[in-house]
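Dropping run05.cif in here (mmCIF, C-alpha atoms):
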data_target
#
loop_
_atom_site.group_PDB
_atom_site.id
_atom_site.type_symbol
_atom_site.label_atom_id
_atom_site.label_comp_id
_atom_site.auth_asym_id
_atom_site.auth_seq_id
_atom_site.Cartn_x
_atom_site.Cartn_y
_atom_site.Cartn_z
ATOM 1 C CA MET A 65 19.692 61.691 23.946
ATOM 2 C CA SER A 66 22.598 60.422 21.812
ATOM 3 C CA GLY A 67 23.516 63.836 20.409
ATOM 4 C CA ILE A 68 22.770 66.103 17.475
ATOM 5 C CA ALA A 69 21.929 65.121 13.897
ATOM 6 C CA LEU A 70 22.741 67.858 11.399
ATOM 7 C CA VAL A 71 20.416 67.596 8.404
ATOM 8 C CA ARG A 72 19.183 69.816 5.574
ATOM 9 C CA LYS A 73 15.872 69.563 3.763
ATOM 10 C CA PRO A 74 15.999 68.912 0.021
ATOM 11 C CA GLY A 75 15.140 71.819 -2.232
ATOM 12 C CA PRO A 76 13.012 71.856 -5.392
ATOM 13 C CA ARG A 77 16.123 71.646 -7.619
ATOM 14 C CA ILE A 78 17.266 68.328 -6.133
ATOM 15 C CA ALA A 79 16.759 66.526 -9.451
ATOM 16 C CA GLU A 80 19.658 68.628 -10.829
ATOM 17 C CA GLY A 81 22.130 67.084 -8.337
ATOM 18 C CA ILE A 82 25.414 65.761 -9.688
ATOM 19 C CA VAL A 83 25.613 62.143 -10.831
ATOM 20 C CA THR A 84 28.999 60.656 -11.722
ATOM 21 C CA HIS A 85 29.006 56.850 -11.763
ATOM 22 C CA ILE A 86 25.340 56.112 -12.607
ATOM 23 C CA GLU A 87 22.877 57.116 -15.298
ATOM 24 C CA ARG A 88 20.687 60.109 -14.491
ATOM 25 C CA GLU A 89 17.099 59.236 -13.588
ATOM 26 C CA PRO A 90 14.115 61.445 -12.786
ATOM 27 C CA VAL A 91 13.819 62.440 -9.128
ATOM 28 C CA ASP A 92 10.437 63.141 -7.534
ATOM 29 C CA TYR A 93 10.881 66.226 -5.332
ATOM 30 C CA GLU A 94 7.754 65.704 -3.238
ATOM 31 C CA ARG A 95 8.675 62.075 -2.590
ATOM 32 C CA ALA A 96 12.218 63.132 -1.688
ATOM 33 C CA VAL A 97 10.843 65.577 0.892
ATOM 34 C CA HIS A 98 8.623 62.851 2.378
ATOM 35 C CA GLN A 99 11.527 60.375 2.475
ATOM 36 C CA HIS A 100 13.801 62.950 4.095
ATOM 37 C CA ASP A 101 11.186 63.652 6.778
ATOM 38 C CA ALA A 102 10.986 59.919 7.525
ATOM 39 C CA TYR A 103 14.786 59.686 7.629
ATOM 40 C CA VAL A 104 14.995 62.525 10.138
ATOM 41 C CA ALA A 105 12.193 60.959 12.197
ATOM 42 C CA ALA A 106 14.155 57.691 12.349
ATOM 43 C CA LEU A 107 17.195 59.540 13.693
ATOM 44 C CA ALA A 108 15.043 61.325 16.264
ATOM 45 C CA ALA A 109 13.447 58.047 17.363
ATOM 46 C CA ALA A 110 16.963 56.706 17.992
ATOM 47 C CA GLY A 111 17.741 59.636 20.283
ATOM 48 C CA TRP A 112 19.430 62.067 17.893
ATOM 49 C CA ARG A 113 18.027 65.613 18.074
ATOM 50 C CA PRO A 114 17.663 66.983 14.532
ATOM 51 C CA VAL A 115 19.224 70.376 13.845
ATOM 52 C CA HIS A 116 18.337 71.700 10.420
ATOM 53 C CA VAL A 117 20.993 73.562 8.495
ATOM 54 C CA GLU A 118 19.629 76.667 6.756
ATOM 55 C CA PRO A 119 17.773 75.677 3.564
ATOM 56 C CA ALA A 120 19.713 76.109 0.331
ATOM 57 C CA ASP A 121 17.107 75.665 -2.368
ATOM 58 C CA HIS A 122 19.496 77.001 -5.037
ATOM 59 C CA LEU A 123 22.001 74.203 -4.283
ATOM 60 C CA PRO A 124 20.693 70.886 -5.635
ATOM 61 C CA ASP A 125 23.050 68.693 -3.555
ATOM 62 C CA GLY A 126 22.400 70.591 -0.327
ATOM 63 C CA PRO A 127 20.693 67.708 1.534
ATOM 64 C CA PHE A 128 23.909 65.639 1.274
ATOM 65 C CA VAL A 129 25.160 67.561 4.279
ATOM 66 C CA GLU A 130 27.793 64.984 5.265
ATOM 67 C CA ASP A 131 30.084 66.188 2.483
ATOM 68 C CA ALA A 132 30.416 69.691 3.977
ATOM 69 C CA VAL A 133 31.902 68.894 7.408
ATOM 70 C CA VAL A 134 33.829 66.220 9.322
ATOM 71 C CA VAL A 135 33.288 66.287 13.105
ATOM 72 C CA SER A 136 35.917 64.824 15.438
ATOM 73 C CA GLY A 137 35.152 65.448 19.095
ATOM 74 C CA ARG A 138 34.456 69.189 19.427
ATOM 75 C CA LEU A 139 36.309 70.022 16.202
ATOM 76 C CA ALA A 140 34.398 70.629 12.970
ATOM 77 C CA VAL A 141 36.572 70.375 9.857
ATOM 78 C CA LEU A 142 34.793 72.324 7.134
ATOM 79 C CA THR A 143 35.566 70.666 3.840
ATOM 80 C CA ARG A 144 36.460 72.014 0.420
ATOM 81 C CA PRO A 145 34.326 69.822 -1.853
ATOM 82 C CA GLY A 146 35.948 68.450 -4.966
ATOM 83 C CA ALA A 147 33.025 69.610 -7.109
ATOM 84 C CA ALA A 148 33.341 73.400 -7.241
ATOM 85 C CA GLU A 149 29.587 73.895 -7.562
ATOM 86 C CA ARG A 150 29.136 72.265 -4.131
ATOM 87 C CA ARG A 151 31.504 74.574 -2.239
ATOM 88 C CA PRO A 152 28.790 77.163 -1.440
ATOM 89 C CA GLU A 153 27.061 74.477 0.674
ATOM 90 C CA VAL A 154 29.768 74.793 3.317
ATOM 91 C CA GLU A 155 28.997 78.350 4.474
ATOM 92 C CA SER A 156 25.621 77.600 6.058
ATOM 93 C CA VAL A 157 26.953 74.359 7.573
ATOM 94 C CA GLU A 158 29.732 76.421 9.178
ATOM 95 C CA GLN A 159 27.142 78.614 10.872
ATOM 96 C CA SER A 160 25.306 75.562 12.196
ATOM 97 C CA VAL A 161 28.402 73.949 13.719
ATOM 98 C CA ARG A 162 29.459 77.240 15.291
ATOM 99 C CA ASP A 163 25.968 77.570 16.776
ATOM 100 C CA LEU A 164 26.519 74.134 18.339
ATOM 101 C CA GLY A 165 29.673 75.422 20.035
ATOM 102 C CA LEU A 166 32.105 73.426 17.893
ATOM 103 C CA LYS A 167 35.481 74.835 16.895
ATOM 104 C CA ALA A 168 35.481 75.243 13.118
ATOM 105 C CA VAL A 169 38.582 74.879 10.917
ATOM 106 C CA ARG A 170 38.865 74.624 7.140
ATOM 107 C CA ILE A 171 40.435 72.570 4.403
ATOM 108 C CA ALA A 172 42.245 75.124 2.248
ATOM 109 C CA ARG A 173 43.139 75.367 -1.441
ATOM 110 C CA PRO A 174 44.591 73.383 -3.192
ATOM 111 C CA GLY A 175 43.215 70.643 -0.956
ATOM 112 C CA THR A 176 39.848 69.083 -1.705
ATOM 113 C CA LEU A 177 37.909 66.896 0.679
ATOM 114 C CA ASP A 178 34.351 65.540 0.695
ATOM 115 C CA GLY A 179 33.003 64.305 4.023
ATOM 116 C CA GLY A 180 31.657 61.227 2.276
ATOM 117 C CA ASP A 181 35.266 60.137 1.821
ATOM 118 C CA VAL A 182 35.908 60.098 5.589
ATOM 119 C CA LEU A 183 35.098 56.991 7.636
ATOM 120 C CA GLN A 184 35.840 57.219 11.364
ATOM 121 C CA VAL A 185 36.281 53.912 13.217
ATOM 122 C CA GLY A 186 37.566 54.341 16.751
ATOM 123 C CA GLN A 187 40.904 56.152 16.609
ATOM 124 C CA THR A 188 41.332 55.317 12.920
ATOM 125 C CA VAL A 189 40.134 57.610 10.152
ATOM 126 C CA TYR A 190 39.981 56.068 6.675
ATOM 127 C CA VAL A 191 40.048 58.702 3.925
ATOM 128 C CA GLY A 192 39.197 57.865 0.337
ATOM 129 C CA ARG A 193 41.336 59.172 -2.497
ATOM 130 C CA SER A 194 38.554 59.896 -4.966
ATOM 131 C CA GLY A 195 37.484 62.226 -7.715
ATOM 132 C CA ARG A 196 36.386 64.567 -4.916
ATOM 133 C CA THR A 197 39.234 64.211 -2.363
ATOM 134 C CA ASN A 198 42.885 64.736 -3.281
ATOM 135 C CA ASP A 199 46.155 63.930 -1.508
ATOM 136 C CA GLU A 200 46.501 67.502 -0.247
ATOM 137 C CA GLY A 201 43.055 67.276 1.338
ATOM 138 C CA VAL A 202 44.042 64.016 3.037
ATOM 139 C CA ALA A 203 47.275 65.605 4.308
ATOM 140 C CA GLN A 204 45.465 68.652 5.672
ATOM 141 C CA LEU A 205 42.932 66.476 7.482
ATOM 142 C CA ALA A 206 45.780 64.471 9.021
ATOM 143 C CA ALA A 207 47.414 67.685 10.248
ATOM 144 C CA LEU A 208 44.130 68.875 11.771
ATOM 145 C CA LEU A 209 43.577 65.536 13.555
ATOM 146 C CA PRO A 210 47.048 64.711 14.935
ATOM 147 C CA GLU A 211 45.594 62.431 17.620
ATOM 148 C CA ARG A 212 43.933 60.179 15.032
ATOM 149 C CA ARG A 213 45.470 57.535 12.734
ATOM 150 C CA ILE A 214 44.798 58.548 9.121
ATOM 151 C CA VAL A 215 44.637 55.732 6.559
ATOM 152 C CA PRO A 216 44.349 56.806 2.878
ATOM 153 C CA VAL A 217 42.304 54.394 0.753
ATOM 154 C CA ASP A 218 42.215 54.170 -3.042
ATOM 155 C CA LEU A 219 38.786 53.732 -4.632
ATOM 156 C CA ARG A 220 37.509 52.130 -7.830
ATOM 157 C CA GLY A 221 34.295 53.073 -9.569
ATOM 158 C CA VAL A 222 32.452 54.795 -6.712
ATOM 159 C CA LEU A 223 31.821 58.414 -5.779
ATOM 160 C CA HIS A 224 33.021 58.326 -2.167
ATOM 161 C CA LEU A 225 34.707 55.967 0.278
ATOM 162 C CA LYS A 226 31.428 55.568 2.169
ATOM 163 C CA SER A 227 29.748 54.612 -1.107
ATOM 164 C CA ALA A 228 31.908 51.470 -0.842
ATOM 165 C CA VAL A 229 32.447 50.779 2.859
ATOM 166 C CA THR A 230 31.185 51.787 6.301
ATOM 167 C CA ALA A 231 31.550 50.264 9.771
ATOM 168 C CA LEU A 232 29.323 48.358 12.174
ATOM 169 C CA PRO A 233 29.176 49.362 15.854
ATOM 170 C CA ASP A 234 31.853 46.808 16.785
ATOM 171 C CA GLY A 235 34.260 48.273 14.206
ATOM 172 C CA THR A 236 33.728 45.567 11.569
ATOM 173 C CA LEU A 237 34.077 47.083 8.100
ATOM 174 C CA ILE A 238 31.225 46.244 5.737
ATOM 175 C CA GLY A 239 31.695 46.911 2.058
ATOM 176 C CA ASP A 240 32.310 45.840 -1.511
ATOM 177 C CA PRO A 241 35.834 44.542 -2.273
ATOM 178 C CA ALA A 242 35.284 45.384 -5.936
ATOM 179 C CA HIS A 243 35.603 49.076 -5.025
ATOM 180 C CA VAL A 244 38.111 49.142 -2.181
ATOM 181 C CA ASP A 245 41.052 47.097 -0.880
ATOM 182 C CA LEU A 246 40.643 46.760 2.879
ATOM 183 C CA PRO A 247 41.246 43.608 4.931
ATOM 184 C CA ASP A 248 38.530 41.541 6.608
ATOM 185 C CA LEU A 249 35.608 43.181 4.828
ATOM 186 C CA LEU A 250 32.158 41.834 5.594
ATOM 187 C CA GLU A 251 30.599 41.715 2.129
ATOM 188 C CA PRO A 252 26.893 42.680 2.080
ATOM 189 C CA PRO A 253 24.430 40.831 -0.160
ATOM 190 C CA GLU A 254 23.311 44.106 -1.808
ATOM 191 C CA GLU A 255 25.209 47.238 -2.852
ATOM 192 C CA PRO A 256 23.237 49.569 -0.516
ATOM 193 C CA GLY A 257 24.063 47.199 2.332
ATOM 194 C CA ALA A 258 27.543 48.740 2.407
ATOM 195 C CA HIS A 259 25.999 51.930 3.784
ATOM 196 C CA VAL A 260 25.388 51.635 7.531
ATOM 197 C CA VAL A 261 24.857 54.442 10.050
ATOM 198 C CA PRO A 262 25.600 53.374 13.656
ATOM 199 C CA LEU A 263 22.996 54.995 15.892
ATOM 200 C CA GLY A 264 24.520 54.074 19.250
ATOM 201 C CA GLY A 265 24.732 50.786 21.093
ATOM 202 C CA ASP A 266 23.566 47.918 18.895
ATOM 203 C CA ARG A 267 21.324 50.096 16.698
ATOM 204 C CA VAL A 268 22.010 50.854 13.036
ATOM 205 C CA LEU A 269 20.250 52.614 10.166
ATOM 206 C CA LEU A 270 20.080 51.030 6.713
ATOM 207 C CA ALA A 271 18.353 51.740 3.416
ATOM 208 C CA ALA A 272 15.165 49.810 2.714
ATOM 209 C CA SER A 273 16.775 48.730 -0.576
ATOM 210 C CA ALA A 274 19.040 46.311 1.346
ATOM 211 C CA PRO A 275 16.627 43.840 3.004
ATOM 212 C CA ARG A 276 19.021 40.881 2.858
ATOM 213 C CA THR A 277 21.719 42.945 4.529
ATOM 214 C CA ALA A 278 19.221 43.966 7.203
ATOM 215 C CA ALA A 279 18.558 40.292 7.894
ATOM 216 C CA LEU A 280 22.307 39.576 7.980
ATOM 217 C CA LEU A 281 22.899 42.340 10.521
ATOM 218 C CA GLU A 282 19.977 41.195 12.657
ATOM 219 C CA ARG A 283 21.512 37.724 12.750
ATOM 220 C CA ARG A 284 24.649 39.386 14.089
ATOM 221 C CA GLY A 285 22.587 40.792 16.969
ATOM 222 C CA LEU A 286 22.033 44.317 15.696
ATOM 223 C CA VAL A 287 18.777 46.264 15.862
ATOM 224 C CA VAL A 288 18.166 47.523 12.340
ATOM 225 C CA THR A 289 16.002 50.482 11.329
ATOM 226 C CA THR A 290 15.373 50.795 7.599
ATOM 227 C CA VAL A 291 14.317 53.886 5.671
ATOM 228 C CA ASP A 292 13.289 54.336 2.047
ATOM 229 C CA ILE A 293 15.655 56.830 0.390
ATOM 230 C CA SER A 294 15.082 55.765 -3.226
ATOM 231 C CA GLU A 295 14.962 59.337 -4.576
ATOM 232 C CA PHE A 296 18.371 60.100 -3.044
ATOM 233 C CA GLU A 297 19.812 56.812 -4.302
ATOM 234 C CA ARG A 298 19.005 58.039 -7.823
ATOM 235 C CA LEU A 299 21.613 60.745 -7.130
ATOM 236 C CA GLU A 300 24.281 58.371 -5.746
ATOM 237 C CA GLY A 301 23.165 59.224 -2.229
ATOM 238 C CA CYS A 302 22.925 56.848 0.701
ATOM 239 C CA VAL A 303 21.891 56.851 4.362
ATOM 240 C CA THR A 304 25.284 58.108 5.532
ATOM 241 C CA CYS A 305 25.401 61.291 3.470
ATOM 242 C CA LEU A 306 22.068 62.785 4.605
ATOM 243 C CA SER A 307 23.256 63.628 8.122
ATOM 244 C CA VAL A 308 26.230 64.401 10.334
ATOM 245 C CA LEU A 309 25.899 62.872 13.790
ATOM 246 C CA VAL A 310 27.514 64.871 16.596
ATOM 247 C CA PRO A 311 27.609 62.778 19.787
ATOM 248 C CA ALA A 312 26.635 64.508 23.020
#

This entry written out as structure tokens:
Amino acid sequence: MSGIALVRKPGPRIAEGIVTHIEREPVDYERAVHQHDAYVAALAAAGWRPVHVEPADHLPDGPFVEDAVVVSGRLAVLTRPGAAERRPEVESVEQSVRDLGLKAVRIARPGTLDGGDVLQVGQTVYVGRSGRTNDEGVAQLAALLPERRIVPVDLRGVLHLKSAVTALPDGTLIGDPAHVDLPDLLEPPEEPGAHVVPLGGDRVLLAASAPRTAALLERRGLVVTTVDISEFERLEGCVTCLSVLVPA
């Protein structure tokens, strides 16, 4: 077992989720539920035990659980999302991380921080300065993680840092240089190819909408699992934001 995967099922109001950088499209709730089930099954097949955060059917963006907490070792940093309507999502996530025995701390006003802006690569933590994460949120995270190297990153035209760049198991950054200035980026052939979830060892999770990136990663020796998350992509979601992986 690789550890715990915190997830939350989508609710019937998911189509009302916030969209910022794309045009709103219809979202099929039943299909979203089916896709989420398949996503969770893929994590479980890779050795991650799913733990479901309490349902929040009144909160449309609830399944994007990554934005509510950043886990570093046994510390859970509960965020203060930049979109005020998303802040109620954090309470139930707090209960889940406490149930897992993690120490919970909080980002406090006037700081804002979305977990989707936090990319952990070894001892380095890249934090996106975005419409959802401000400088005070970055500073508070740095103070809470004194043993880590915090690197603020400016973004262009994307919701979160991990909308633009993630990391492969060997630490290689994969992303779109149009949205972020980071050195030595591996540029994926498709936009969703920038969103990679390392599952442990040489295994990674990728959206089915990035088949050329999947082939690229397989040529690099990785074992790629793909999942269809098209309904969540209509809401600027990606494979990273639907879970928080807590290593054993």

key: Counting all atoms listed in the file, the option among A:Arg170, A:Ala108, A:Pro119, A:Ala102 closest to A:Pro76   = A:Pro119

task = Evaluate the PyMOL selection byres ((chain A and resi 93) around 10) on the structure here and hand back the selected residues as a ChimeraX atom specification.
result = /A:74-79,90-92,94-99,295-296

ask   = How many Å lie between atom CA of A:Val134 and atom CA of A:Arg220, rounded to one decimal?
value =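 Going from atom CA of A:Val134 over to atom CA of A:Arg220 covers 22.5 Å.
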
request  = Run the PyMOL selection byres ((chain A and resi 151) around 12) mentally over the shown coordinates, then write out the matched residues as number ranges by chain, using the chain letters and numbers from the document.
outcome  = A: 123-126, 129, 131-133, 142-150, 152-158, 170-173, 176-178, 196

key: Spatial neighbours of A:Pro114, max dist 8 Å, all atoms listed in the file, sep filter under 2 positions, as a ChimeraX atom specification   = /A:68-71,104,107-108,112,116

request  = Could you jot down the atom CA of A:Arg284 to atom CA of A:Val189 separation for me, Å, one decimal place?
outcome  =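 Going from atom CA of A:Arg284 over to atom CA of A:Val189 covers 24.2 Å.
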
For atom CA of A:Val310 and atom CA of A:Leu232, the interatomic separation in Å (one decimal) =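 The value is 17.2 Å.
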
query = Applied to the shown file, which residues does the PyMOL selection byres ((chain A and resi 271-280) around 6) return, written as a PyMOL selection string?
reply = chain A and resi 252-254+256-257+270+281-283+290-292

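Residue nearest A:Val303 within the list A:Pro247, A:Pro262, A:Gly186, A:Gly239: A:Pro262 [criterion: smallest interatomic distance, only C-alpha atoms].
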
Taking 3 positions as the minimum chain separation for residues in the same chain, which residues sit within 7 Å of A:His224 when counting only C-alpha atoms? Answer as a PDB file with C-alpha atoms, keeping the file's coordinate frame.
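Contents of out22.pdb, as written:
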ATOM      1  CA  GLY A 180      31.657  61.227   2.276  1.00  0.00           C
ATOM      2  CA  ASP A 181      35.266  60.137   1.821  1.00  0.00           C
ATOM      3  CA  GLY A 192      39.197  57.865   0.337  1.00  0.00           C
ATOM      4  CA  SER A 194      38.554  59.896  -4.966  1.00  0.00           C
ATOM      5  CA  SER A 227      29.748  54.612  -1.107  1.00  0.00           C
TER       6      SER A 227
END

Who sits within 9 Å of A:Gly264, all atoms listed in the file, same chain under 6 positions skipped, as a compact mmCIF listing (two decimals) with C-alpha atoms, in the coordinates of the input:
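Final output, saved to part-v8.txt:
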# COMPACT_ATOMS: atom_id res chain seq x y z
CA SER A 66 22.60 60.42 21.81
CA ALA A 110 16.96 56.71 17.99
CA GLY A 111 17.74 59.64 20.28
CA PRO A 233 29.18 49.36 15.85

Nearest to A:Leu237 by atom-to-atom distance, counting all atoms listed in the file, from A:Ala203, A:Leu209, A:Asp266, A:Thr188 =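 Checking each candidate against A:Leu237, we get A:Thr188 as the closest.
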
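Distances to A:Glu130 were evaluated for A:Lys226, A:Arg213, A:Arg267, A:Arg298 using all atoms listed in the file, and the minimum falls at A:Lys226.
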
As AutoDock Vina command-line options, what would the box around stretch 192-199 of chain A look like: edges along x, y and z, 4 Å added on every side, centre and edge lengths in Å to one decimal?
--center_x 41.3 --center_y 61.3 --center_z -3.7 --size_x 17.8 --size_y 14.9 --size_z 16.1

query = Using all atoms listed in the file, which residues sit within 8 Å of A:Val229 once same-chain residues fewer than 6 positions away are excluded, as a ChimeraX atom specification?
reply = /A:237-240,244,258-259

inquiry  = When you count all atoms listed in the file, which of these residues is closest to A:Ala242: A:Ile82, A:Val182, A:Ala228, A:Val161?
reply    =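 Smallest distance to A:Ala242 is found for A:Ala228.
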
message = Residues near A:Glu300, anyone? I mean within 10 Å using all atoms listed in the file, not counting same-chain ones fewer than 5 positions away, as a PyMOL selection string.
response = chain A and resi 81-88+222-224+227+294-295+305

ask   = For A:Arg138, which residue out of A:Arg162, A:Arg113, A:Lys167, A:His243 is the nearest one, using only C-alpha atoms?
value =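 Of A:Arg162, A:Arg113, A:Lys167, A:His243, the one nearest A:Arg138, counting only C-alpha atoms, is A:Lys167.
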